[in-house]
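K.L.:
Just data-v3.cif, nothing more (mmCIF, C-alpha atoms):
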```cif
data_query
loop_
_atom_site.group_PDB
_atom_site.id
_atom_site.type_symbol
_atom_site.label_atom_id
_atom_site.label_comp_id
_atom_site.auth_asym_id
_atom_site.auth_seq_id
_atom_site.Cartn_x
_atom_site.Cartn_y
_atom_site.Cartn_z
ATOM 1 C CA LEU K 1 -11.326 -10.671 -9.908
ATOM 2 C CA THR K 2 -10.068 -8.909 -13.033
ATOM 3 C CA PHE K 3 -10.106 -5.119 -13.289
ATOM 4 C CA SER K 4 -10.230 -3.041 -16.456
ATOM 5 C CA ASP K 5 -6.794 -1.544 -15.727
ATOM 6 C CA GLY K 6 -5.274 -5.042 -15.962
ATOM 7 C CA THR K 7 -5.102 -5.716 -12.226
ATOM 8 C CA LYS K 8 -5.965 -9.256 -11.151
ATOM 9 C CA LEU K 9 -6.945 -9.932 -7.554
ATOM 10 C CA ASN K 10 -7.060 -13.354 -5.924
ATOM 11 C CA CYS K 11 -10.128 -13.500 -3.691
ATOM 12 C CA GLN K 12 -9.885 -17.158 -2.713
ATOM 13 C CA ILE K 13 -9.679 -18.056 0.968
ATOM 14 C CA GLU K 14 -8.085 -21.500 0.968
ATOM 15 C CA GLU K 15 -8.789 -24.155 3.588
ATOM 16 C CA SER K 16 -6.229 -24.035 6.393
ATOM 17 C CA ASP K 17 -3.803 -26.904 6.975
ATOM 18 C CA ARG K 18 -5.390 -27.359 10.382
ATOM 19 C CA LEU K 19 -8.823 -27.853 8.800
ATOM 20 C CA LYS K 20 -7.477 -30.442 6.371
ATOM 21 C CA LYS K 21 -5.855 -32.370 9.225
ATOM 22 C CA LEU K 22 -9.061 -32.257 11.264
ATOM 23 C CA GLN K 23 -11.077 -33.563 8.314
ATOM 24 C CA THR K 24 -8.645 -36.443 7.867
ATOM 25 C CA LYS K 25 -8.844 -37.130 11.589
ATOM 26 C CA LEU K 26 -12.668 -37.132 11.447
ATOM 27 C CA ASN K 27 -12.693 -39.673 8.613
ATOM 28 C CA ARG K 28 -10.751 -42.081 10.809
ATOM 29 C CA ARG K 29 -13.268 -41.803 13.623
ATOM 30 C CA GLN K 30 -16.344 -43.589 12.353
ATOM 31 C CA LYS K 31 -18.156 -44.078 15.667
ATOM 32 C CA THR K 32 -21.077 -41.646 15.620
ATOM 33 C CA ARG K 33 -21.346 -41.348 19.415
ATOM 34 C CA SER K 34 -17.653 -40.964 20.131
ATOM 35 C CA ASN K 35 -16.755 -37.974 22.342
ATOM 36 C CA ASN K 36 -13.505 -37.486 20.428
ATOM 37 C CA ARG K 37 -15.443 -37.455 17.153
ATOM 38 C CA ASN K 38 -17.814 -34.771 18.489
ATOM 39 C CA LYS K 39 -14.846 -32.691 19.667
ATOM 40 C CA THR K 40 -13.278 -32.945 16.216
ATOM 41 C CA ILE K 41 -16.559 -31.865 14.567
ATOM 42 C CA ASN K 42 -16.709 -28.772 16.818
ATOM 43 C CA LYS K 43 -13.109 -27.895 15.946
ATOM 44 C CA ILE K 44 -13.922 -28.214 12.222
ATOM 45 C CA ARG K 45 -16.914 -25.882 12.653
ATOM 46 C CA ARG K 46 -14.674 -23.291 14.291
ATOM 47 C CA GLU K 47 -12.189 -23.533 11.409
ATOM 48 C CA TYR K 48 -14.988 -23.023 8.874
ATOM 49 C CA GLN K 49 -16.190 -20.010 10.852
ATOM 50 C CA LYS K 50 -12.680 -18.526 10.734
ATOM 51 C CA ALA K 51 -12.644 -18.950 6.930
ATOM 52 C CA THR K 52 -16.092 -17.304 6.674
ATOM 53 C CA ASN K 53 -14.886 -14.364 8.802
ATOM 54 C CA LYS K 54 -11.877 -13.912 6.495
ATOM 55 C CA LYS K 55 -14.173 -13.864 3.435
ATOM 56 C CA HIS K 56 -16.396 -11.193 5.005
ATOM 57 C CA GLU K 57 -13.347 -9.119 5.969
ATOM 58 C CA PHE K 58 -11.922 -9.299 2.431
ATOM 59 C CA ALA K 59 -15.290 -8.419 0.847
ATOM 60 C CA ASN K 60 -15.845 -5.485 3.219
ATOM 61 C CA GLN K 61 -12.365 -4.040 2.587
ATOM 62 C CA LEU K 62 -12.721 -4.300 -1.191
ATOM 63 C CA HIS K 63 -16.230 -2.835 -1.129
ATOM 64 C CA HIS K 64 -14.965 0.119 0.929
ATOM 65 C CA LYS K 65 -12.241 0.837 -1.671
ATOM 66 C CA LEU K 66 -14.577 0.495 -4.663
ATOM 67 C CA LYS K 67 -17.080 2.943 -3.148
ATOM 68 C CA LEU K 68 -14.558 5.709 -3.907
ATOM 69 C CA TYR K 69 -15.154 5.336 -7.671
ATOM 70 C CA ASP K 70 -17.877 7.258 -9.482
ATOM 71 C CA LEU K 71 -18.870 4.244 -11.542
ATOM 72 C CA ILE K 72 -18.407 0.490 -11.275
ATOM 73 C CA VAL K 73 -19.651 -1.893 -13.977
ATOM 74 C CA ILE K 74 -20.085 -5.616 -13.301
ATOM 75 C CA GLN K 75 -21.890 -8.448 -15.051
ATOM 76 C CA ASP K 76 -24.690 -10.468 -13.484
ATOM 77 C CA GLU K 77 -22.841 -13.789 -13.544
ATOM 78 C CA GLN K 78 -24.618 -16.941 -12.345
ATOM 79 C CA LEU K 79 -22.067 -18.015 -9.743
ATOM 80 C CA SER K 80 -24.250 -20.924 -8.633
ATOM 81 C CA ASN K 81 -23.860 -22.451 -12.110
ATOM 82 C CA TRP K 82 -20.097 -21.981 -11.976
ATOM 83 C CA GLN K 83 -19.967 -24.095 -8.817
ATOM 84 C CA LYS K 84 -21.424 -27.059 -10.720
ATOM 85 C CA THR K 85 -18.428 -27.275 -13.061
ATOM 86 C CA TYR K 86 -15.301 -29.259 -12.199
ATOM 87 C CA ARG K 87 -12.992 -26.409 -13.230
ATOM 88 C CA ASN K 88 -14.627 -23.620 -11.236
ATOM 89 C CA GLY K 89 -16.480 -25.436 -8.458
ATOM 90 C CA LYS K 90 -13.794 -25.412 -5.765
ATOM 91 C CA LYS K 91 -12.529 -21.957 -6.768
ATOM 92 C CA ILE K 92 -15.979 -20.410 -6.298
ATOM 93 C CA GLN K 93 -16.570 -22.351 -3.073
ATOM 94 C CA HIS K 94 -13.342 -21.016 -1.549
ATOM 95 C CA SER K 95 -13.767 -17.466 -2.869
ATOM 96 C CA CYS K 96 -15.793 -14.521 -1.647
ATOM 97 C CA LEU K 97 -17.163 -13.558 -5.092
ATOM 98 C CA GLY K 98 -20.754 -14.043 -3.954
ATOM 99 C CA LEU K 99 -20.260 -11.716 -0.976
ATOM 100 C CA ILE K 100 -18.592 -9.062 -3.143
ATOM 101 C CA LYS K 101 -21.330 -9.263 -5.770
ATOM 102 C CA SER K 102 -24.147 -8.959 -3.204
ATOM 103 C CA LYS K 103 -22.514 -5.890 -1.627
ATOM 104 C CA LEU K 104 -21.861 -4.169 -4.971
ATOM 105 C CA ILE K 105 -25.301 -4.748 -6.466
ATOM 106 C CA SER K 106 -26.872 -2.690 -3.692
ATOM 107 C CA SER K 107 -24.422 0.222 -4.214
ATOM 108 C CA PRO K 108 -25.713 3.352 -6.008
ATOM 109 C CA ASN K 109 -22.530 3.724 -8.125
ATOM 110 C CA VAL K 110 -22.809 0.220 -9.637
ATOM 111 C CA VAL K 111 -24.246 -0.706 -13.039
ATOM 112 C CA VAL K 112 -25.033 -4.380 -13.695
ATOM 113 C CA LEU K 113 -24.824 -5.784 -17.224
ATOM 114 C CA ASP K 114 -27.213 -8.520 -18.291
ATOM 115 C CA ARG K 115 -25.621 -11.989 -18.037
ATOM 116 C CA PHE K 116 -26.378 -12.660 -21.740
ATOM 117 C CA ILE K 117 -24.293 -9.734 -23.031
ATOM 118 C CA PRO K 118 -21.174 -11.310 -24.662
ATOM 119 C CA THR K 119 -18.551 -9.267 -22.803
ATOM 120 C CA THR K 120 -15.847 -11.862 -23.527
ATOM 121 C CA LYS K 121 -16.645 -12.444 -27.216
ATOM 122 C CA PHE K 122 -17.431 -8.858 -28.280
ATOM 123 C CA CYS K 123 -14.695 -6.740 -29.899
ATOM 124 C CA SER K 124 -15.382 -3.124 -28.997
ATOM 125 C CA ASN K 125 -12.741 -1.985 -31.508
ATOM 126 C CA CYS K 126 -14.603 -3.213 -34.609
ATOM 127 C CA GLY K 127 -17.914 -4.618 -33.312
ATOM 128 C CA LYS K 128 -17.368 -8.261 -34.269
ATOM 129 C CA ILE K 129 -18.623 -11.010 -31.931
ATOM 130 C CA GLU K 130 -16.292 -14.030 -31.835
ATOM 131 C CA ASN K 131 -18.827 -16.815 -31.264
ATOM 132 C CA GLY K 132 -16.131 -19.464 -31.677
ATOM 133 C CA LEU K 133 -14.277 -18.403 -28.519
ATOM 134 C CA LYS K 134 -14.081 -21.330 -26.079
ATOM 135 C CA LEU K 135 -13.920 -21.309 -22.280
ATOM 136 C CA SER K 136 -10.466 -22.886 -22.517
ATOM 137 C CA ASP K 137 -9.153 -19.984 -24.662
ATOM 138 C CA ARG K 138 -7.263 -17.651 -22.331
ATOM 139 C CA GLU K 139 -6.637 -15.002 -25.010
ATOM 140 C CA PHE K 140 -9.104 -13.012 -27.074
ATOM 141 C CA THR K 141 -8.137 -12.629 -30.733
ATOM 142 C CA CYS K 142 -10.387 -10.714 -33.100
ATOM 143 C CA SER K 143 -10.471 -12.340 -36.544
ATOM 144 C CA GLU K 144 -11.679 -9.038 -38.050
ATOM 145 C CA CYS K 145 -9.260 -6.378 -36.751
ATOM 146 C CA GLY K 146 -6.541 -8.591 -35.219
ATOM 147 C CA ILE K 147 -6.649 -7.252 -31.664
ATOM 148 C CA ILE K 148 -5.155 -9.682 -29.116
ATOM 149 C CA ASP K 149 -5.726 -9.339 -25.368
ATOM 150 C CA ASP K 150 -5.888 -11.391 -22.197
ATOM 151 C CA ARG K 151 -9.374 -12.948 -22.100
ATOM 152 C CA ASP K 152 -10.333 -11.673 -18.637
ATOM 153 C CA ILE K 153 -8.842 -8.189 -19.040
ATOM 154 C CA HIS K 154 -10.576 -7.883 -22.426
ATOM 155 C CA ALA K 155 -13.927 -8.799 -20.807
ATOM 156 C CA ALA K 156 -13.402 -6.292 -17.995
ATOM 157 C CA LYS K 157 -12.584 -3.478 -20.459
ATOM 158 C CA ASN K 158 -15.615 -4.443 -22.527
ATOM 159 C CA MET K 159 -17.973 -4.072 -19.575
ATOM 160 C CA LEU K 160 -17.062 -0.405 -19.301
ATOM 161 C CA ASN K 161 -17.076 0.052 -23.098
ATOM 162 C CA ILE K 162 -20.493 -1.591 -23.465
ATOM 163 C CA PHE K 163 -21.950 0.583 -20.720
ATOM 164 C CA HIS K 164 -20.783 3.727 -22.550
ATOM 165 C CA LEU K 165 -21.997 2.431 -25.927
ATOM 166 C CA VAL K 166 -25.479 1.758 -24.597
ATOM 167 C CA ALA K 167 -25.578 5.008 -22.594
ATOM 168 C CA ASN K 168 -24.529 7.040 -25.650
ATOM 169 C CA HIS K 169 -27.096 5.280 -27.851
ATOM 170 C CA LEU K 170 -29.917 5.936 -25.382
ATOM 171 C CA ASN K 171 -28.843 9.564 -25.105
ATOM 172 C CA GLU K 172 -28.755 10.012 -28.888
ATOM 173 C CA GLN K 173 -32.207 8.454 -29.251
ATOM 174 C CA LYS K 174 -33.493 10.422 -26.241
ATOM 175 C CA LEU K 175 -34.523 7.182 -24.538
ATOM 176 C CA LEU K 176 -34.482 6.160 -20.882
ATOM 177 C CA PRO K 177 -32.881 2.885 -19.717
ATOM 178 C CA SER K 178 -35.417 0.107 -19.143
ATOM 179 C CA GLU K 179 -34.211 -0.269 -15.571
ATOM 180 C CA ARG K 180 -32.060 2.045 -13.475
ATOM 181 C CA GLY K 181 -28.598 0.658 -12.701
ATOM 182 C CA LYS K 182 -28.884 -2.127 -15.286
ATOM 183 C CA VAL K 183 -28.075 -2.713 -18.951
ATOM 184 C CA LYS K 184 -30.346 -5.234 -20.671
ATOM 185 C CA PHE K 185 -29.270 -7.498 -23.545
ATOM 186 C CA ALA K 186 -31.911 -5.913 -25.824
ATOM 187 C CA GLU K 187 -30.414 -2.452 -25.172
ATOM 188 C CA PHE K 188 -26.926 -3.744 -26.026
ATOM 189 C CA LYS K 189 -28.212 -5.422 -29.200
ATOM 190 C CA THR K 190 -30.003 -2.267 -30.351
ATOM 191 C CA ALA K 191 -26.919 -0.122 -29.656
ATOM 192 C CA ILE K 192 -24.544 -2.218 -31.801
ATOM 193 C CA ASP K 193 -26.837 -3.180 -34.686
ATOM 194 C CA GLY K 194 -25.432 -1.707 -37.884
ATOM 195 C CA LYS K 195 -22.727 0.249 -36.087
ATOM 196 C CA VAL K 196 -18.993 -0.017 -35.443
ATOM 197 C CA PHE K 197 -17.722 1.397 -32.175
ATOM 198 C CA PRO K 198 -14.144 2.423 -31.328
ATOM 199 C CA ASP K 199 -12.522 1.242 -28.113
ATOM 200 C CA VAL K 200 -13.176 3.508 -25.108
ATOM 201 C CA SER K 201 -9.846 4.684 -23.707
ATOM 202 C CA GLN K 202 -9.265 4.939 -19.967
ATOM 203 C CA ASN K 203 -6.614 7.628 -19.700
ATOM 204 C CA ASP K 204 -8.111 10.617 -17.891
ATOM 205 C CA GLU K 205 -11.113 8.545 -16.801
ATOM 206 C CA ALA K 206 -9.038 5.875 -15.023
ATOM 207 C CA ARG K 207 -9.369 7.373 -11.564
ATOM 208 C CA ARG K 208 -13.101 7.881 -11.868
ATOM 209 C CA TYR K 209 -14.237 4.679 -13.534
ATOM 210 C CA GLN K 210 -13.519 1.133 -12.536
ATOM 211 C CA VAL K 211 -14.918 -2.157 -13.659
ATOM 212 C CA PHE K 212 -14.155 -5.768 -13.057
ATOM 213 C CA SER K 213 -14.970 -9.141 -14.420
ATOM 214 C CA LEU K 214 -16.051 -11.888 -12.030
ATOM 215 C CA VAL K 215 -13.710 -14.395 -13.616
#
```
Please rewrite the model in this file as structure tokens.
P.N.:
Amino acid sequence: LTFSDGTKLNCQIEESDRLKKLQTKLNRRQKTRSNNRNKTINKIRREYQKATNKKHEFANQLHHKLKLYDLIVIQDEQLSNWQKTYRNGKKIQHSCLGLIKSKLISSPNVVVLDRFIPTTKFCSNCGKIENGLKLSDREFTCSECGIIDDRDIHAAKNMLNIFHLVANHLNEQKLLPSERGKVKFAEFKTAIDGKVFPDVSQNDEARRYQVFSLV
């Protein structure tokens, strides 16, 4: 998890050494009706349950802390698609991102950005969208204004910036959002067309607003 203040939080619950040993032990016992094999399977199930309990505990504690903020902005990432990639598959499987996302989406102080909004590629300082940015690039560099930032922190800041840009545009045009608690791609596109937006600072707002990128 990456927060807009630059904080990065590891939410992975790794497999225990005991679980790894039990899995190795199970692979050696090929007889399907072996009592020892069945005992090993039951022990593995208990280890998986312990890992699941730790994930729920982590998600509940984080959700409790985030409820203290007036506003939280997240993006509707397709975590199921992330699991299909070699790079992210195991990380997502061992993390509690899905649990955190499901808890936050139902919270009244959370705004969800459309998954198609380019939070990573958009420069909120000058409005340029860096379409050439690759997944392997860990830094964002704007070819227009020269801003350089950590890729994930930049995306997290942008989520909050984009929310304010769209909210300000709707307010100026005296329009209502298409759906409460959500920002659609069409609303983002309309808000930035033909305009250049300055970066939204987080000085006096830092205690009230928080946002993170599910990266």
K.L.:
For range 186-190 of chain K, list every protein, DNA or RNA residue within 9 Å, evaluated using all atoms listed in the file, and leave out those in the same chain fewer than 2 positions away; present the list as an MDAnalysis selection string.
P.N.:
chainID K and resid 117 162:163 165:166 169:170 177:178 183:184 192:194
K.L.:
Which of these, K:Glu47, K:Asp114, K:Glu14, K:Asp70, has the shortest distance to Cys96 in chain K once you count all atoms listed in the file?
P.N.:
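Residue with the minimum atom-to-atom distance to Cys96 in chain K: K:Glu14.
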K.L.:
Please compute the CA of Cys142 in chain K-CA of Leu160 in chain K distance, one decimal, in Å.
P.N.:
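Between CA of Cys142 in chain K and CA of Leu160 in chain K the gap works out to 18.5 Å.
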K.L.:
Could you check which of K:Lys50, K:His56, K:Arg138, K:Arg37 is closest to Ile100 in chain K, using only C-alpha atoms?
P.N.:
K:His56
K.L.:
Quick check, in Å to one decimal: how far apart do CA of Ile44 in chain K and CA of Gln12 in chain K lie?
P.N.:
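About the pair CA of Ile44 in chain K and CA of Gln12 in chain K: they are 19.0 Å apart.
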K.L.:
Going by the chain IDs and residue numbers used in this file, which residues fall under the PyMOL selection byres ((chain K and resi 103) around 12)? Write them as a VMD selection string.
P.N.:
chain K and resid 56 58 to 64 66 to 67 74 96 to 102 104 to 110
K.L.:
As an exercise, work out the distance from CA of Lys157 in chain K to CA of Leu113 in chain K in Å and give it to one decimal place.
P.N.:
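Separating CA of Lys157 in chain K from CA of Leu113 in chain K is a distance of 12.9 Å.
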K.L.:
For Asp149 in chain K, please output as an NGL selection string all residues within 8 Å (counting only C-alpha atoms; exclusion window: fewer than 3 positions along the same chain).
P.N.:
:K and (139-141 or 153-154)
K.L.:
Closest to Leu9 in chain K among K:Ser136, K:Arg28, K:Asp152, K:Thr120, using all atoms listed in the file?
P.N.:
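For Leu9 in chain K, the nearest of the candidates is K:Asp152.
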K.L.:
Skip Lys121 in chain K itself and residues of its chain fewer than 3 positions away, then list as JSON, numbers by chain all residues within 9 Å of it, counting only C-alpha atoms.
P.N.:
{"K": [118, 128, 129, 130, 131, 132, 133, 140, 142, 151, 154, 155]}
K.L.:
Which residue gives the smallest distance to Ala51 in chain K among K:Leu135, K:Leu68, K:Val73, K:Leu19, with only C-alpha atoms counted?
P.N.:
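Among K:Leu135, K:Leu68, K:Val73, K:Leu19, it is K:Leu19 that comes nearest to Ala51 in chain K.
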K.L.:
Name the closest residue to Glu172 in chain K among the candidates K:Ile147, K:Phe185, K:Asn27, K:Ala191; distances are taken between atoms, counting all atoms listed in the file.
P.N.:
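Nearest candidate to Glu172 in chain K out of K:Ile147, K:Phe185, K:Asn27, K:Ala191: K:Ala191.
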K.L.:
Select, from K:Lys65, K:Lys39, K:Lys8, K:Arg180, the residue with the minimum atom-to-atom distance to Leu26 in chain K, counting only C-alpha atoms.
P.N.:
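Selected residue with least distance to Leu26 in chain K: K:Lys39.
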